[in-house]
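A.B. asks: I am sharing data-v8.cif, which consists of mmCIF, C-alpha atoms; chains and numbers go by the auth columns:
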data_input
#
loop_
_atom_site.group_PDB
_atom_site.id
_atom_site.type_symbol
_atom_site.label_atom_id
_atom_site.label_comp_id
_atom_site.label_asym_id
_atom_site.label_seq_id
_atom_site.Cartn_x
_atom_site.Cartn_y
_atom_site.Cartn_z
_atom_site.B_iso_or_equiv
_atom_site.auth_seq_id
_atom_site.auth_asym_id
ATOM 1 C CA MET A 1 92.420 99.080 80.209 0.00 1 A
ATOM 2 C CA ASP A 2 94.194 96.228 81.941 0.00 2 A
ATOM 3 C CA LYS A 3 95.478 96.587 85.466 0.00 3 A
ATOM 4 C CA ILE A 4 98.576 95.227 87.099 0.00 4 A
ATOM 5 C CA VAL A 5 97.601 93.412 90.280 0.00 5 A
ATOM 6 C CA ILE A 6 100.130 93.137 93.085 0.00 6 A
ATOM 7 C CA TYR A 7 99.815 91.316 96.399 0.00 7 A
ATOM 8 C CA THR A 8 102.431 91.910 99.091 0.00 8 A
ATOM 9 C CA ASP A 9 103.167 90.828 102.632 0.00 9 A
ATOM 10 C CA GLY A 10 105.977 91.322 105.111 0.00 10 A
ATOM 11 C CA SER A 11 107.163 89.264 108.032 0.00 11 A
ATOM 12 C CA SER A 12 109.645 89.525 110.853 0.00 12 A
ATOM 13 C CA ARG A 13 110.731 86.949 113.379 0.00 13 A
ATOM 14 C CA GLY A 14 110.950 89.254 116.318 0.00 14 A
ATOM 15 C CA ASN A 15 110.319 92.915 115.853 0.00 15 A
ATOM 16 C CA PRO A 16 113.106 93.733 115.216 0.00 16 A
ATOM 17 C CA GLY A 17 114.496 90.459 113.985 0.00 17 A
ATOM 18 C CA ARG A 18 115.020 88.473 110.828 0.00 18 A
ATOM 19 C CA GLY A 19 112.495 89.495 108.240 0.00 19 A
ATOM 20 C CA GLY A 20 111.288 88.968 104.752 0.00 20 A
ATOM 21 C CA PHE A 21 108.738 90.047 102.224 0.00 21 A
ATOM 22 C CA GLY A 22 106.848 88.283 99.498 0.00 22 A
ATOM 23 C CA ALA A 23 105.038 89.732 96.510 0.00 23 A
ATOM 24 C CA ILE A 24 103.029 88.407 93.609 0.00 24 A
ATOM 25 C CA LEU A 25 102.688 90.478 90.434 0.00 25 A
ATOM 26 C CA MET A 26 99.980 89.589 87.915 0.00 26 A
ATOM 27 C CA TRP A 27 99.318 91.091 84.526 0.00 27 A
ATOM 28 C CA ASN A 28 97.979 89.847 81.240 0.00 28 A
ATOM 29 C CA GLY A 29 97.973 86.203 82.336 0.00 29 A
ATOM 30 C CA LYS A 30 101.534 86.347 83.666 0.00 30 A
ATOM 31 C CA VAL A 31 102.414 85.762 87.305 0.00 31 A
ATOM 32 C CA LYS A 32 105.719 86.588 88.987 0.00 32 A
ATOM 33 C CA GLU A 33 106.648 85.901 92.596 0.00 33 A
ATOM 34 C CA ILE A 34 109.452 87.710 94.407 0.00 34 A
ATOM 35 C CA ALA A 35 110.807 87.445 97.943 0.00 35 A
ATOM 36 C CA GLU A 36 113.814 88.659 99.907 0.00 36 A
ATOM 37 C CA ALA A 37 115.115 88.254 103.436 0.00 37 A
ATOM 38 C CA TYR A 38 116.883 90.643 105.824 0.00 38 A
ATOM 39 C CA ARG A 39 118.920 89.750 108.890 0.00 39 A
ATOM 40 C CA ASN A 40 117.627 92.535 111.154 0.00 40 A
ATOM 41 C CA THR A 41 114.556 94.606 110.391 0.00 41 A
ATOM 42 C CA THR A 42 110.927 95.185 111.385 0.00 42 A
ATOM 43 C CA ASN A 43 107.594 93.960 110.142 0.00 43 A
ATOM 44 C CA ASN A 44 106.537 97.402 108.900 0.00 44 A
ATOM 45 C CA ARG A 45 109.775 97.798 106.958 0.00 45 A
ATOM 46 C CA MET A 46 109.202 94.443 105.281 0.00 46 A
ATOM 47 C CA GLU A 47 105.593 95.324 104.460 0.00 47 A
ATOM 48 C CA LEU A 48 106.750 98.547 102.821 0.00 48 A
ATOM 49 C CA LEU A 49 109.779 97.026 101.126 0.00 49 A
ATOM 50 C CA GLY A 50 107.520 94.398 99.555 0.00 50 A
ATOM 51 C CA VAL A 51 105.526 97.166 97.871 0.00 51 A
ATOM 52 C CA ILE A 52 108.679 99.007 96.765 0.00 52 A
ATOM 53 C CA LYS A 53 110.389 95.920 95.345 0.00 53 A
ATOM 54 C CA ALA A 54 107.215 94.945 93.490 0.00 54 A
ATOM 55 C CA LEU A 55 106.959 98.412 91.932 0.00 55 A
ATOM 56 C CA LEU A 56 110.608 98.205 90.905 0.00 56 A
ATOM 57 C CA GLN A 57 109.729 95.134 88.831 0.00 57 A
ATOM 58 C CA LEU A 58 107.389 97.127 86.583 0.00 58 A
ATOM 59 C CA LYS A 59 108.497 97.989 83.082 0.00 59 A
ATOM 60 C CA THR A 60 105.754 100.516 82.357 0.00 60 A
ATOM 61 C CA LYS A 61 104.197 103.454 84.169 0.00 61 A
ATOM 62 C CA LYS A 62 101.126 103.617 81.946 0.00 62 A
ATOM 63 C CA ILE A 63 99.048 100.752 83.358 0.00 63 A
ATOM 64 C CA PRO A 64 96.994 101.284 86.544 0.00 64 A
ATOM 65 C CA ILE A 65 98.122 99.239 89.539 0.00 65 A
ATOM 66 C CA LEU A 66 96.017 97.561 92.215 0.00 66 A
ATOM 67 C CA ILE A 67 98.017 96.679 95.314 0.00 67 A
ATOM 68 C CA TYR A 68 96.545 94.326 97.897 0.00 68 A
ATOM 69 C CA THR A 69 98.140 94.249 101.331 0.00 69 A
ATOM 70 C CA ASP A 70 97.148 93.260 104.848 0.00 70 A
ATOM 71 C CA SER A 71 99.112 96.232 106.220 0.00 71 A
ATOM 72 C CA LYS A 72 96.863 98.969 107.581 0.00 72 A
ATOM 73 C CA TYR A 73 100.101 100.901 108.144 0.00 73 A
ATOM 74 C CA ILE A 74 100.653 101.141 104.392 0.00 74 A
ATOM 75 C CA VAL A 75 97.041 101.547 103.296 0.00 75 A
ATOM 76 C CA ASP A 76 96.262 104.254 105.854 0.00 76 A
ATOM 77 C CA SER A 77 99.553 106.092 105.324 0.00 77 A
ATOM 78 C CA VAL A 78 98.776 106.494 101.629 0.00 78 A
ATOM 79 C CA GLN A 79 94.988 106.740 101.533 0.00 79 A
ATOM 80 C CA LYS A 80 94.641 109.043 104.537 0.00 80 A
ATOM 81 C CA LYS A 81 97.486 111.230 103.189 0.00 81 A
ATOM 82 C CA TRP A 82 99.624 110.727 106.280 0.00 82 A
ATOM 83 C CA LEU A 83 102.620 110.255 103.990 0.00 83 A
ATOM 84 C CA ASP A 84 102.038 113.624 102.318 0.00 84 A
ATOM 85 C CA ASN A 85 102.106 115.299 105.727 0.00 85 A
ATOM 86 C CA TRP A 86 105.191 113.366 106.835 0.00 86 A
ATOM 87 C CA ILE A 87 107.023 114.524 103.733 0.00 87 A
ATOM 88 C CA LYS A 88 105.930 118.150 104.242 0.00 88 A
ATOM 89 C CA THR A 89 107.214 118.073 107.836 0.00 89 A
ATOM 90 C CA ASP A 90 110.347 116.042 107.013 0.00 90 A
ATOM 91 C CA PHE A 91 109.024 113.195 109.168 0.00 91 A
ATOM 92 C CA LYS A 92 108.965 115.427 112.244 0.00 92 A
ATOM 93 C CA GLY A 93 108.284 113.706 115.517 0.00 93 A
ATOM 94 C CA GLY A 94 110.350 110.644 114.747 0.00 94 A
ATOM 95 C CA LYS A 95 108.135 109.043 112.130 0.00 95 A
ATOM 96 C CA LYS A 96 109.766 105.775 111.205 0.00 96 A
ATOM 97 C CA ASN A 97 110.945 104.356 107.900 0.00 97 A
ATOM 98 C CA LYS A 98 111.645 107.705 106.269 0.00 98 A
ATOM 99 C CA ASP A 99 114.095 106.123 103.818 0.00 99 A
ATOM 100 C CA LEU A 100 111.566 103.601 102.549 0.00 100 A
ATOM 101 C CA TRP A 101 108.659 106.043 102.462 0.00 101 A
ATOM 102 C CA LEU A 102 110.698 108.480 100.384 0.00 102 A
ATOM 103 C CA GLN A 103 111.671 105.677 98.036 0.00 103 A
ATOM 104 C CA TYR A 104 108.026 104.607 97.722 0.00 104 A
ATOM 105 C CA HIS A 105 106.939 108.214 97.114 0.00 105 A
ATOM 106 C CA GLN A 106 109.510 108.673 94.361 0.00 106 A
ATOM 107 C CA LEU A 107 108.402 105.440 92.660 0.00 107 A
ATOM 108 C CA ALA A 108 104.696 106.178 93.027 0.00 108 A
ATOM 109 C CA THR A 109 104.816 109.768 91.776 0.00 109 A
ATOM 110 C CA ASN A 110 104.123 108.908 88.143 0.00 110 A
ATOM 111 C CA LEU A 111 102.103 105.760 88.742 0.00 111 A
ATOM 112 C CA HIS A 112 98.373 105.221 89.117 0.00 112 A
ATOM 113 C CA ILE A 113 98.210 103.120 92.291 0.00 113 A
ATOM 114 C CA GLN A 114 95.152 102.024 94.229 0.00 114 A
ATOM 115 C CA PHE A 115 95.649 100.251 97.551 0.00 115 A
ATOM 116 C CA ASN A 116 93.221 97.673 98.871 0.00 116 A
ATOM 117 C CA TRP A 117 93.375 96.218 102.357 0.00 117 A
ATOM 118 C CA VAL A 118 92.818 92.485 102.753 0.00 118 A
ATOM 119 C CA LYS A 119 92.501 90.582 105.999 0.00 119 A
ATOM 120 C CA GLY A 120 95.722 88.733 106.743 0.00 120 A
ATOM 121 C CA HIS A 121 95.838 85.002 107.381 0.00 121 A
ATOM 122 C CA ALA A 122 92.309 84.602 106.079 0.00 122 A
ATOM 123 C CA ASP A 123 90.875 83.072 102.932 0.00 123 A
ATOM 124 C CA ASN A 124 92.678 85.083 100.256 0.00 124 A
ATOM 125 C CA PRO A 125 95.008 82.620 98.471 0.00 125 A
ATOM 126 C CA TYR A 126 97.284 85.369 97.088 0.00 126 A
ATOM 127 C CA ASN A 127 97.732 87.033 100.468 0.00 127 A
ATOM 128 C CA ASN A 128 98.378 83.634 102.020 0.00 128 A
ATOM 129 C CA ARG A 129 100.976 82.847 99.364 0.00 129 A
ATOM 130 C CA CYS A 130 102.710 86.194 99.989 0.00 130 A
ATOM 131 C CA ASP A 131 102.769 85.386 103.704 0.00 131 A
ATOM 132 C CA GLU A 132 104.330 82.025 102.886 0.00 132 A
ATOM 133 C CA LEU A 133 106.960 83.660 100.655 0.00 133 A
ATOM 134 C CA ALA A 134 107.755 86.267 103.329 0.00 134 A
ATOM 135 C CA THR A 135 108.074 83.792 106.191 0.00 135 A
ATOM 136 C CA LEU A 136 110.116 81.304 104.140 0.00 136 A
ATOM 137 C CA ALA A 137 112.491 84.113 103.221 0.00 137 A
ATOM 138 C CA ALA A 138 112.727 85.343 106.829 0.00 138 A
ATOM 139 C CA ASP A 139 113.402 81.823 108.102 0.00 139 A
ATOM 140 C CA ASN A 140 115.765 80.584 105.412 0.00 140 A
ATOM 141 C CA GLY A 141 117.584 83.586 103.912 0.00 141 A
ATOM 142 C CA PRO A 142 119.913 84.356 102.347 0.00 142 A
ATOM 143 C CA TRP A 143 119.711 87.468 104.479 0.00 143 A
ATOM 144 C CA ASN A 144 120.411 90.900 103.068 0.00 144 A
ATOM 145 C CA ILE A 145 121.418 93.799 105.282 0.00 145 A
ATOM 146 C CA ASP A 146 118.822 96.487 105.952 0.00 146 A
ATOM 147 C CA GLU A 147 121.588 99.060 106.188 0.00 147 A
ATOM 148 C CA VAL A 148 119.511 102.083 107.174 0.00 148 A
ATOM 149 C CA PHE A 149 117.680 100.175 109.892 0.00 149 A
ATOM 150 C CA GLU A 150 120.837 98.611 111.311 0.00 150 A
ATOM 151 C CA LYS A 151 122.682 101.950 111.287 0.00 151 A
ATOM 152 C CA ASN A 152 119.789 103.590 113.159 0.00 152 A
ATOM 153 C CA GLU A 153 119.629 100.719 115.661 0.00 153 A
ATOM 154 C CA LEU A 154 123.361 101.027 116.377 0.00 154 A
ATOM 155 C CA ALA A 155 122.945 104.782 116.875 0.00 155 A
ATOM 156 C CA LYS A 156 120.450 104.093 119.692 0.00 156 A
ATOM 157 C CA ASP A 157 123.000 102.131 121.738 0.00 157 A
#
Just give me the structure as C-alpha coordinates.
C.D. replies:
Amino acid sequence: MDKIVIYTDGSSRGNPGRGGFGAILMWNGKVKEIAEAYRNTTNNRMELLGVIKALLQLKTKKIPILIYTDSKYIVDSVQKKWLDNWIKTDFKGGKKNKDLWLQYHQLATNLHIQFNWVKGHADNPYNNRCDELATLAADNGPWNIDEVFEKNELAKD
(Lines of atoms letter the chains of each structure in order from A and count residues from 1; the text may use other names and numbers.)
(Lines give C-alpha, C1' and ligand atoms only; values in the text may rest on other atoms or scores of the structure.)
Protein backbone atom coordinates (compact mmCIF):
# COMPACT_ATOMS: atom_id res chain seq x y z
CA MET A 1 0.00 0.00 0.00
CA ASP A 2 1.16 3.53 -0.70
CA LYS A 3 2.27 5.81 2.09
CA ILE A 4 1.83 9.51 2.55
CA VAL A 5 5.20 11.08 3.27
CA ILE A 6 5.34 14.30 5.25
CA TYR A 7 8.36 16.42 6.13
CA THR A 8 7.98 19.21 8.68
CA ASP A 9 10.11 21.83 10.37
CA GLY A 10 9.52 24.73 12.72
CA SER A 11 11.43 27.92 13.33
CA SER A 12 11.37 30.84 15.71
CA ARG A 13 13.34 34.05 15.67
CA GLY A 14 13.91 34.29 19.36
CA ASN A 15 12.38 31.74 21.64
CA PRO A 16 9.79 33.12 22.12
CA GLY A 17 9.62 35.31 19.06
CA ARG A 18 8.29 35.37 15.54
CA GLY A 19 7.94 31.85 14.25
CA GLY A 20 6.88 29.73 11.37
CA PHE A 21 6.55 26.20 10.16
CA GLY A 22 6.96 24.53 6.81
CA ALA A 23 5.71 21.16 5.64
CA ILE A 24 5.89 19.11 2.49
CA LEU A 25 3.27 16.43 1.81
CA MET A 26 3.95 13.79 -0.84
CA TRP A 27 1.67 11.08 -2.12
CA ASN A 28 1.15 9.32 -5.40
CA GLY A 29 3.46 11.65 -7.31
CA LYS A 30 1.85 14.80 -5.90
CA VAL A 31 3.72 17.31 -3.77
CA LYS A 32 2.17 20.06 -1.65
CA GLU A 33 4.04 22.65 0.39
CA ILE A 34 2.46 24.58 3.25
CA ALA A 35 3.80 27.24 5.60
CA GLU A 36 2.45 29.70 8.15
CA ALA A 37 3.89 32.38 10.39
CA TYR A 38 3.08 33.49 13.95
CA ARG A 39 3.98 36.78 15.60
CA ASN A 40 4.92 35.36 19.01
CA THR A 41 5.55 31.68 19.66
CA THR A 42 8.27 29.11 20.34
CA ASN A 43 10.28 26.73 18.23
CA ASN A 44 8.67 23.65 19.77
CA ARG A 45 5.19 25.02 19.12
CA MET A 46 6.08 25.60 15.48
CA GLU A 47 7.57 22.11 15.15
CA LEU A 48 4.36 20.61 16.52
CA LEU A 49 2.04 22.92 14.61
CA GLY A 50 3.78 21.92 11.38
CA VAL A 51 2.83 18.29 12.03
CA ILE A 52 -0.75 19.22 12.98
CA LYS A 53 -1.33 21.47 9.97
CA ALA A 54 0.09 18.81 7.65
CA LEU A 55 -2.25 16.18 9.09
CA LEU A 56 -5.17 18.56 8.66
CA GLN A 57 -4.44 18.59 4.92
CA LEU A 58 -5.15 14.87 4.58
CA LYS A 59 -8.37 13.75 2.97
CA THR A 60 -8.15 10.10 4.01
CA LYS A 61 -7.37 8.21 7.20
CA LYS A 62 -6.76 4.89 5.47
CA ILE A 63 -3.24 5.42 4.10
CA PRO A 64 -0.22 4.98 6.41
CA ILE A 65 1.77 8.15 7.07
CA LEU A 66 5.52 8.60 7.42
CA ILE A 67 6.46 11.86 9.10
CA TYR A 68 10.05 13.08 8.96
CA THR A 69 11.09 15.78 11.41
CA ASP A 70 14.30 17.06 12.95
CA SER A 71 12.48 17.58 16.27
CA LYS A 72 13.54 15.08 18.93
CA TYR A 73 10.87 16.74 21.08
CA ILE A 74 8.14 15.42 18.78
CA VAL A 75 9.68 12.06 17.93
CA ASP A 76 10.50 11.18 21.54
CA SER A 77 7.18 12.46 22.89
CA VAL A 78 5.29 10.09 20.60
CA GLN A 79 7.62 7.11 20.28
CA LYS A 80 8.60 6.96 23.95
CA LYS A 81 4.93 7.37 24.96
CA TRP A 82 5.60 10.54 26.92
CA LEU A 83 2.47 12.03 25.37
CA ASP A 84 0.32 9.15 26.63
CA ASN A 85 1.56 9.80 30.16
CA TRP A 86 1.07 13.57 29.85
CA ILE A 87 -2.53 13.01 28.80
CA LYS A 88 -3.15 10.55 31.66
CA THR A 89 -1.80 13.08 34.18
CA ASP A 90 -3.44 16.10 32.50
CA PHE A 91 0.02 17.50 31.74
CA LYS A 92 0.89 17.63 35.43
CA GLY A 93 4.08 19.41 36.32
CA GLY A 94 3.65 22.19 33.80
CA LYS A 95 4.26 20.24 30.61
CA LYS A 96 4.12 22.74 27.79
CA ASN A 97 2.00 22.93 24.66
CA LYS A 98 -0.96 21.03 26.08
CA ASP A 99 -3.32 22.61 23.55
CA LEU A 100 -1.27 21.48 20.56
CA TRP A 101 -0.52 18.03 21.95
CA LEU A 102 -4.21 17.41 22.56
CA GLN A 103 -4.99 18.56 19.04
CA TYR A 104 -2.29 16.27 17.63
CA HIS A 105 -3.58 13.35 19.73
CA GLN A 106 -7.13 13.85 18.49
CA LEU A 107 -5.95 13.95 14.86
CA ALA A 108 -3.63 10.98 15.23
CA THR A 109 -6.08 8.69 17.01
CA ASN A 110 -7.42 7.06 13.85
CA LEU A 111 -4.30 7.43 11.73
CA HIS A 112 -1.37 5.09 11.17
CA ILE A 113 1.60 7.41 11.77
CA GLN A 114 5.27 6.52 11.93
CA PHE A 115 7.74 9.23 12.94
CA ASN A 116 11.30 9.31 11.68
CA TRP A 117 13.95 11.67 13.00
CA VAL A 118 16.25 13.34 10.48
CA LYS A 119 19.27 15.47 11.25
CA GLY A 120 18.44 19.13 10.78
CA HIS A 121 20.44 21.41 8.50
CA ALA A 122 22.16 18.43 6.93
CA ASP A 123 21.91 16.80 3.53
CA ASN A 124 18.21 15.96 3.39
CA PRO A 125 16.72 18.20 0.65
CA TYR A 126 13.14 17.89 1.98
CA ASN A 127 14.12 18.81 5.53
CA ASN A 128 16.17 21.70 4.17
CA ARG A 129 13.22 22.90 2.10
CA CYS A 130 10.93 22.74 5.15
CA ASP A 131 13.49 24.79 7.08
CA GLU A 132 13.50 27.33 4.26
CA LEU A 133 9.68 27.49 4.24
CA ALA A 134 9.58 27.88 8.04
CA THR A 135 12.21 30.62 8.21
CA LEU A 136 10.76 32.53 5.24
CA ALA A 137 7.37 32.47 6.93
CA ALA A 138 8.82 33.55 10.29
CA ASP A 139 10.74 36.41 8.67
CA ASN A 140 8.13 37.65 6.22
CA GLY A 141 4.67 36.82 7.59
CA PRO A 142 1.85 37.49 7.36
CA TRP A 143 1.85 36.65 11.05
CA ASN A 144 -1.02 34.81 12.67
CA ILE A 145 -1.67 35.01 16.39
CA ASP A 146 -0.78 31.99 18.51
CA GLU A 147 -3.63 32.83 20.85
CA VAL A 148 -3.04 30.15 23.49
CA PHE A 149 0.66 30.93 23.73
CA GLU A 150 0.14 34.69 23.91
CA LYS A 151 -2.60 34.34 26.53
CA ASN A 152 -0.32 32.15 28.66
CA GLU A 153 2.59 34.58 28.24
CA LEU A 154 0.42 37.50 29.38
CA ALA A 155 -0.71 35.48 32.40
CA LYS A 156 2.93 35.18 33.52
CA ASP A 157 3.37 38.96 33.76
A.B. asks: Which residues, named as in the file, does the PyMOL selection byres ((chain A and resi 54-67) around 8) pick out? Answer as a PDB file with C-alpha atoms, keeping the file's coordinate frame.
C.D. replies:
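Generated output (part.pdb):
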ATOM      1  CA  MET A   1      92.420  99.080  80.209  1.00  0.00           C
ATOM      2  CA  ASP A   2      94.194  96.228  81.941  1.00  0.00           C
ATOM      3  CA  LYS A   3      95.478  96.587  85.466  1.00  0.00           C
ATOM      4  CA  ILE A   4      98.576  95.227  87.099  1.00  0.00           C
ATOM      5  CA  VAL A   5      97.601  93.412  90.280  1.00  0.00           C
ATOM      6  CA  ILE A   6     100.130  93.137  93.085  1.00  0.00           C
ATOM      7  CA  TYR A   7      99.815  91.316  96.399  1.00  0.00           C
ATOM      8  CA  THR A   8     102.431  91.910  99.091  1.00  0.00           C
ATOM      9  CA  ALA A  23     105.038  89.732  96.510  1.00  0.00           C
ATOM     10  CA  ILE A  24     103.029  88.407  93.609  1.00  0.00           C
ATOM     11  CA  LEU A  25     102.688  90.478  90.434  1.00  0.00           C
ATOM     12  CA  ILE A  34     109.452  87.710  94.407  1.00  0.00           C
ATOM     13  CA  GLY A  50     107.520  94.398  99.555  1.00  0.00           C
ATOM     14  CA  VAL A  51     105.526  97.166  97.871  1.00  0.00           C
ATOM     15  CA  ILE A  52     108.679  99.007  96.765  1.00  0.00           C
ATOM     16  CA  LYS A  53     110.389  95.920  95.345  1.00  0.00           C
ATOM     17  CA  TYR A  68      96.545  94.326  97.897  1.00  0.00           C
ATOM     18  CA  THR A  69      98.140  94.249 101.331  1.00  0.00           C
ATOM     19  CA  LEU A 107     108.402 105.440  92.660  1.00  0.00           C
ATOM     20  CA  ASN A 110     104.123 108.908  88.143  1.00  0.00           C
ATOM     21  CA  LEU A 111     102.103 105.760  88.742  1.00  0.00           C
ATOM     22  CA  HIS A 112      98.373 105.221  89.117  1.00  0.00           C
ATOM     23  CA  ILE A 113      98.210 103.120  92.291  1.00  0.00           C
ATOM     24  CA  GLN A 114      95.152 102.024  94.229  1.00  0.00           C
ATOM     25  CA  PHE A 115      95.649 100.251  97.551  1.00  0.00           C
ATOM     26  CA  ASN A 116      93.221  97.673  98.871  1.00  0.00           C
TER      27      ASN A 116
END
A.B. asks: Pick out the residues sitting within 7 Å of Thr135 (chain A), and hand them over as a JSON list (two decimals) with C-alpha atoms, in the coordinates of the input; count only C-alpha atoms, and ignore anything fewer than 4 positions along from it in its own chain.
C.D. replies:
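Now in part22.json:
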[["chain", "number", "residue", "atom", "x", "y", "z"],
["A", 11, "SER", "CA", 107.16, 89.26, 108.03],
["A", 20, "GLY", "CA", 111.29, 88.97, 104.75],
["A", 131, "ASP", "CA", 102.77, 85.39, 103.70],
["A", 139, "ASP", "CA", 113.40, 81.82, 108.10]]
A.B. asks: Work out how far CA of Gly14 (chain A) is from CA of Leu102 (chain A), in Å to one decimal.
C.D. replies: 25.0 Å
A.B. asks: Exactly which residues make up the result of the PyMOL selection byres ((chain A and resi 149) around 9) on this file, given as a JSON list (two decimals) with C-alpha atoms, in the coordinates of the input?
C.D. replies:
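Once written, out11.json looks like this:
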[["chain", "number", "residue", "atom", "x", "y", "z"],
["A", 40, "ASN", "CA", 117.63, 92.54, 111.15],
["A", 41, "THR", "CA", 114.56, 94.61, 110.39],
["A", 42, "THR", "CA", 110.93, 95.18, 111.38],
["A", 45, "ARG", "CA", 109.78, 97.80, 106.96],
["A", 97, "ASN", "CA", 110.94, 104.36, 107.90],
["A", 145, "ILE", "CA", 121.42, 93.80, 105.28],
["A", 146, "ASP", "CA", 118.82, 96.49, 105.95],
["A", 147, "GLU", "CA", 121.59, 99.06, 106.19],
["A", 148, "VAL", "CA", 119.51, 102.08, 107.17],
["A", 150, "GLU", "CA", 120.84, 98.61, 111.31],
["A", 151, "LYS", "CA", 122.68, 101.95, 111.29],
["A", 152, "ASN", "CA", 119.79, 103.59, 113.16],
["A", 153, "GLU", "CA", 119.63, 100.72, 115.66],
["A", 154, "LEU", "CA", 123.36, 101.03, 116.38]]
A.B. asks: Out of A:Glu36, A:Cys130, A:Asn44, A:Lys72, which residue has the shortest atom-to-atom distance to Lys96 (chain A) when counting only C-alpha atoms?
C.D. replies: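 With only C-alpha atoms as the atom set, the closest residue is A:Asn44.
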A.B. asks: Could you tell me how far CA of Leu83 (chain A) sits from CA of His105 (chain A), in Å to one decimal place?
C.D. replies: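 These two atoms are separated by 8.4 Å.
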A.B. asks: Identify, on the basis of all atoms listed in the file, every residue whose closest approach to Gly10 (chain A) does not exceed 6 Å; exclude the query and any residue fewer than 3 positions from it along the same chain; express the result as a list of chain:residue names.
C.D. replies: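 My reading of the contact set: A:Gly20, A:Phe21, A:Asn43, A:Met46, A:Glu47, A:Ala134.
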A.B. asks: Give the padded box for region 133-138 of chain A as AutoDock Vina command-line options: axis-aligned, covering all atoms listed in the file, 4 Å on each side, centre and edge lengths in Å to one decimal.
C.D. replies:
--center_x 109.8 --center_y 83.8 --center_z 103.7 --size_x 13.8 --size_y 13.0 --size_z 14.2
A.B. asks: Please, what distance in Å, to one decimal, runs between CA of Val31 (chain A) and CA of Leu133 (chain A)?
C.D. replies: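 Computing it gives 14.3 Å between the two atoms.
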A.B. asks: Using all atoms listed in the file, list the residues that have an atom at most 12 Å from (123.0, 82.3, 101.3), coordinates as in the file, as a ChimeraX atom specification.
C.D. replies: /A:36-39,137,139-144
A.B. asks: Pull C-alpha atoms from the residues just selected and write them as a PDB file, in the coordinates of the input.
C.D. replies:
ATOM      1  CA  GLU A  36     113.814  88.659  99.907  1.00  0.00           C
ATOM      2  CA  ALA A  37     115.115  88.254 103.436  1.00  0.00           C
ATOM      3  CA  TYR A  38     116.883  90.643 105.824  1.00  0.00           C
ATOM      4  CA  ARG A  39     118.920  89.750 108.890  1.00  0.00           C
ATOM      5  CA  ALA A 137     112.491  84.113 103.221  1.00  0.00           C
ATOM      6  CA  ASP A 139     113.402  81.823 108.102  1.00  0.00           C
ATOM      7  CA  ASN A 140     115.765  80.584 105.412  1.00  0.00           C
ATOM      8  CA  GLY A 141     117.584  83.586 103.912  1.00  0.00           C
ATOM      9  CA  PRO A 142     119.913  84.356 102.347  1.00  0.00           C
ATOM     10  CA  TRP A 143     119.711  87.468 104.479  1.00  0.00           C
ATOM     11  CA  ASN A 144     120.411  90.900 103.068  1.00  0.00           C
TER      12      ASN A 144
END
A.B. asks: Go through A:Arg13, A:Lys98, A:Ile87, A:Asp70 and flag the residue nearest Lys119 (chain A), using all atoms listed in the file for the distances.
C.D. replies: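 So, comparing all the options, the nearest one is A:Asp70.
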A.B. asks: In terms of the shortest atom-to-atom distance over only C-alpha atoms, which of A:Trp101, A:Trp27, A:Asp123, A:Ala108 is closest to Trp82 (chain A)?
C.D. replies: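 Ranked by minimum distance to Trp82 (chain A), first place goes to A:Trp101.
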